[in-house]
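Engineer: Sending over entry-v8.csv (CSV, N, CA and C atoms).
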```
chain,number,residue,atom,x,y,z
L,437,MET,N,109.5,95.4,123.4
L,437,MET,CA,109.3,94.8,122.1
L,437,MET,C,108.8,95.8,121.1
L,438,PRO,N,109.4,96.0,119.9
L,438,PRO,CA,108.9,97.0,119.0
L,438,PRO,C,107.5,96.6,118.5
L,439,GLU,N,106.8,97.6,118.1
L,439,GLU,CA,105.4,97.5,117.5
L,439,GLU,C,105.5,96.6,116.3
L,440,GLN,N,104.5,95.8,116.1
L,440,GLN,CA,104.4,95.0,114.9
L,440,GLN,C,104.3,95.9,113.7
L,441,ALA,N,105.0,95.6,112.6
L,441,ALA,CA,104.9,96.4,111.4
L,441,ALA,C,103.8,96.0,110.5
L,442,ILE,N,103.4,94.7,110.6
L,442,ILE,CA,102.4,94.1,109.7
L,442,ILE,C,101.2,93.7,110.5
L,443,GLN,N,100.1,94.0,109.9
L,443,GLN,CA,98.8,93.7,110.5
L,443,GLN,C,98.0,92.9,109.5
L,444,ILE,N,97.4,91.8,109.9
L,444,ILE,CA,96.5,91.0,109.1
L,444,ILE,C,95.1,91.0,109.8
L,445,ASP,N,94.1,91.6,109.2
L,445,ASP,CA,92.8,91.7,109.9
L,445,ASP,C,91.8,91.5,108.8
L,446,PRO,N,90.9,90.5,108.9
L,446,PRO,CA,89.9,90.3,107.9
L,446,PRO,C,89.0,91.5,107.6
L,447,ASP,N,88.9,92.4,108.6
L,447,ASP,CA,88.1,93.6,108.4
L,447,ASP,C,88.8,94.7,107.7
L,448,ILE,N,90.1,94.6,107.5
L,448,ILE,CA,90.9,95.6,106.8
L,448,ILE,C,91.4,95.0,105.5
L,449,GLN,N,91.0,95.6,104.4
L,449,GLN,CA,91.5,95.1,103.0
L,449,GLN,C,91.3,93.6,102.9
L,450,GLY,N,90.2,93.1,103.5
L,450,GLY,CA,89.9,91.7,103.3
L,450,GLY,C,90.9,90.7,103.8
L,451,GLY,N,91.7,91.2,104.8
L,451,GLY,CA,92.8,90.3,105.3
L,451,GLY,C,94.1,90.4,104.6
L,452,THR,N,94.2,91.3,103.7
L,452,THR,CA,95.5,91.5,103.0
L,452,THR,C,96.5,92.0,104.0
L,453,PRO,N,97.7,91.5,104.1
L,453,PRO,CA,98.7,92.1,105.0
L,453,PRO,C,99.0,93.6,104.7
L,454,CYS,N,98.8,94.4,105.7
L,454,CYS,CA,98.9,95.8,105.6
L,454,CYS,C,99.9,96.3,106.7
L,455,PHE,N,100.4,97.5,106.5
L,455,PHE,CA,101.2,98.2,107.5
L,455,PHE,C,100.3,98.4,108.7
L,456,ASN,N,100.8,98.1,109.9
L,456,ASN,CA,100.0,98.2,111.1
L,456,ASN,C,99.4,99.7,111.2
L,457,GLY,N,98.1,99.8,111.5
L,457,GLY,CA,97.5,101.1,111.7
L,457,GLY,C,97.1,101.8,110.5
L,458,THR,N,97.3,101.1,109.3
L,458,THR,CA,97.0,101.8,108.0
L,458,THR,C,96.1,100.8,107.2
L,459,ARG,N,95.7,101.2,106.0
L,459,ARG,CA,95.1,100.4,105.1
L,459,ARG,C,96.0,100.2,103.9
L,460,VAL,N,97.3,100.4,104.0
L,460,VAL,CA,98.2,100.3,103.0
L,460,VAL,C,98.8,98.9,102.9
L,461,PRO,N,98.5,98.2,101.8
L,461,PRO,CA,99.0,96.8,101.7
L,461,PRO,C,100.5,96.8,101.6
L,462,ILE,N,101.1,95.8,102.2
L,462,ILE,CA,102.6,95.6,102.2
L,462,ILE,C,103.1,95.5,100.8
L,463,THR,N,102.3,94.9,99.9
L,463,THR,CA,102.7,94.7,98.5
L,463,THR,C,102.9,96.0,97.8
L,464,SER,N,102.3,97.1,98.3
L,464,SER,CA,102.5,98.4,97.7
L,464,SER,C,104.0,98.8,97.8
L,465,LEU,N,104.7,98.5,98.9
L,465,LEU,CA,106.1,98.8,99.1
L,465,LEU,C,106.9,98.0,98.1
L,466,PHE,N,106.7,96.7,97.9
L,466,PHE,CA,107.4,95.9,97.0
L,466,PHE,C,107.1,96.3,95.6
L,467,ASP,N,105.9,96.7,95.3
L,467,ASP,CA,105.6,97.1,93.9
L,467,ASP,C,106.4,98.4,93.6
L,468,ALA,N,106.4,99.3,94.5
L,468,ALA,CA,107.2,100.6,94.3
L,468,ALA,C,108.6,100.3,94.0
L,469,LEU,N,109.2,99.4,94.9
L,469,LEU,CA,110.6,99.1,94.7
L,469,LEU,C,110.9,98.4,93.4
L,470,GLU,N,110.0,97.5,93.0
L,470,GLU,CA,110.1,96.7,91.7
L,470,GLU,C,110.1,97.7,90.6
L,471,HIS,N,109.4,98.8,90.7
L,471,HIS,CA,109.3,99.8,89.6
L,471,HIS,C,110.3,100.9,89.8
L,472,SER,N,111.4,100.6,90.5
L,472,SER,CA,112.6,101.5,90.7
L,472,SER,C,112.2,102.8,91.4
L,473,ARG,N,111.2,102.7,92.2
L,473,ARG,CA,110.9,103.9,93.1
L,473,ARG,C,111.7,103.8,94.4
L,474,SER,N,112.1,104.9,94.9
L,474,SER,CA,112.8,104.9,96.2
L,474,SER,C,111.9,104.7,97.4
L,475,LEU,N,112.5,104.4,98.5
L,475,LEU,CA,111.7,104.3,99.7
L,475,LEU,C,111.1,105.6,100.1
L,476,ASP,N,111.9,106.7,99.8
L,476,ASP,CA,111.3,108.0,100.1
L,476,ASP,C,110.1,108.3,99.2
L,477,TYR,N,110.2,107.9,98.0
L,477,TYR,CA,109.0,108.1,97.1
L,477,TYR,C,107.8,107.4,97.7
L,478,PHE,N,108.0,106.1,98.0
L,478,PHE,CA,106.9,105.3,98.6
L,478,PHE,C,106.3,106.0,99.8
L,479,LEU,N,107.2,106.5,100.7
L,479,LEU,CA,106.7,107.1,101.9
L,479,LEU,C,106.0,108.4,101.6
L,480,GLU,N,106.3,109.1,100.6
L,480,GLU,CA,105.6,110.4,100.2
L,480,GLU,C,104.2,110.0,99.7
L,481,GLN,N,104.1,108.9,99.0
L,481,GLN,CA,102.8,108.4,98.4
L,481,GLN,C,101.9,107.9,99.5
L,482,PHE,N,102.5,107.4,100.5
L,482,PHE,CA,101.7,106.7,101.6
L,482,PHE,C,102.1,107.3,103.0
L,483,PRO,N,101.7,108.6,103.3
L,483,PRO,CA,102.2,109.2,104.5
L,483,PRO,C,101.8,108.6,105.8
L,484,SER,N,100.8,107.7,105.7
L,484,SER,CA,100.4,107.0,107.0
L,484,SER,C,101.4,105.9,107.4
L,485,VAL,N,102.3,105.5,106.5
L,485,VAL,CA,103.3,104.5,106.8
L,485,VAL,C,104.5,105.2,107.3
L,486,LYS,N,105.0,104.7,108.4
L,486,LYS,CA,106.2,105.3,109.0
L,486,LYS,C,107.5,104.6,108.4
L,487,ARG,N,108.5,105.4,108.3
L,487,ARG,CA,109.8,104.8,107.8
L,487,ARG,C,110.2,103.6,108.6
L,488,GLU,N,110.0,103.6,109.9
L,488,GLU,CA,110.4,102.5,110.7
L,488,GLU,C,109.6,101.3,110.4
L,489,GLN,N,108.3,101.4,110.0
L,489,GLN,CA,107.5,100.3,109.6
L,489,GLN,C,108.0,99.7,108.3
L,490,ALA,N,108.3,100.6,107.3
L,490,ALA,CA,108.8,100.1,106.0
L,490,ALA,C,110.1,99.4,106.2
L,491,MET,N,111.0,99.9,107.0
L,491,MET,CA,112.3,99.3,107.2
L,491,MET,C,112.2,98.0,107.9
L,492,ALA,N,111.2,97.9,108.9
L,492,ALA,CA,111.0,96.6,109.6
L,492,ALA,C,110.5,95.5,108.6
L,493,VAL,N,109.6,95.9,107.7
L,493,VAL,CA,109.1,95.0,106.7
L,493,VAL,C,110.2,94.5,105.8
L,494,LEU,N,111.1,95.4,105.4
L,494,LEU,CA,112.2,95.0,104.5
L,494,LEU,C,113.2,94.1,105.2
L,495,HIS,N,113.5,94.4,106.5
L,495,HIS,CA,114.4,93.6,107.3
L,495,HIS,C,113.8,92.2,107.5
L,496,GLN,N,112.5,92.2,107.8
L,496,GLN,CA,111.8,90.9,108.0
L,496,GLN,C,111.8,90.0,106.7
L,497,ALA,N,111.6,90.7,105.6
L,497,ALA,CA,111.6,89.9,104.3
L,497,ALA,C,113.1,89.4,104.0
L,498,GLY,N,114.1,90.2,104.3
L,498,GLY,CA,115.4,89.8,104.1
L,498,GLY,C,115.8,88.6,105.0
L,499,ARG,N,115.3,88.6,106.3
L,499,ARG,CA,115.6,87.5,107.2
L,499,ARG,C,114.9,86.3,106.7
L,500,MET,N,113.7,86.4,106.2
L,500,MET,CA,113.0,85.2,105.7
L,500,MET,C,113.7,84.6,104.5
L,501,ILE,N,114.2,85.4,103.6
L,501,ILE,CA,114.9,84.9,102.4
L,501,ILE,C,116.2,84.3,102.8
L,502,ALA,N,116.9,84.9,103.7
L,502,ALA,CA,118.2,84.4,104.2
L,502,ALA,C,118.0,83.0,104.9
L,503,SER,N,116.9,82.8,105.6
L,503,SER,CA,116.7,81.6,106.3
L,503,SER,C,116.1,80.5,105.4
L,504,HIS,N,115.8,80.8,104.2
L,504,HIS,CA,115.2,79.8,103.3
L,504,HIS,C,116.0,79.9,102.0
L,505,PRO,N,117.2,79.3,101.9
L,505,PRO,CA,118.0,79.4,100.7
L,505,PRO,C,117.3,78.8,99.5
L,506,LEU,N,117.6,79.4,98.4
L,506,LEU,CA,117.0,79.0,97.1
L,506,LEU,C,117.6,77.6,96.7
L,507,PRO,N,116.8,76.8,96.1
L,507,PRO,CA,117.3,75.5,95.6
L,507,PRO,C,118.5,75.8,94.6
L,508,SER,N,119.4,74.8,94.5
L,508,SER,CA,120.5,75.0,93.6
L,508,SER,C,119.9,75.0,92.1
L,509,GLN,N,120.6,75.8,91.3
L,509,GLN,CA,120.2,75.9,89.9
L,509,GLN,C,120.9,74.8,89.1
L,510,PRO,N,120.2,74.2,88.2
L,510,PRO,CA,120.8,73.2,87.4
L,510,PRO,C,122.0,73.8,86.5
L,511,ALA,N,123.0,73.0,86.3
L,511,ALA,CA,124.2,73.5,85.6
L,511,ALA,C,123.9,73.5,84.1
```
What does this structure look like when you write it as structure tokens?

Structural biologist:
Amino acid sequence: MPEQAIQIDPDIQGGTPCFNGTRVPITSLFDALEHSRSLDYFLEQFPSVKREQAMAVLHQAGRMIASHPLPSQPA
């Protein structure tokens, strides 16, 4: 079984979901992407995060979204 990418520990960043083994909040990745930063840029800024961890988080988010379809938009 692959290592968990996300860690939630009340003693680390007050329980904010972080990349496992780091103090880097998961939201930092989505903030970077929201501001048109590349994954490579994010990884350069947070060298304690492994590419595999970031990819696992993105895949998990994609699976969560796919399994919970958005409600229909009114016409």

Engineer: Which residues, written as a list in words, have at least one atom at most 6 Å from range 449-452 of chain L, with only N, CA and C atoms counted and residues fewer than 5 positions away on the same chain left out?

Structural biologist: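 After dropping sequence-adjacent residues, the list is Gln443, Ile444 and Pro461 of chain L.
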
Engineer: Using only N, CA and C atoms for the distances, tell me which of L:Leu506, L:Val485, L:Leu475, L:Ala492 is nearest to Thr458 in chain L.

Structural biologist: L:Val485

Engineer: Just list as number ranges by chain whatever in chain L DSSP marks as alpha helix (DSSP H).

Structural biologist: L: 462-470, 475-481, 487-503

Engineer: In terms of the shortest atom-to-atom distance over only C-alpha atoms, which of L:Ile448, L:Ala502, L:Glu488, L:Gly457 is closest to Asp476 in chain L?

Structural biologist: L:Glu488
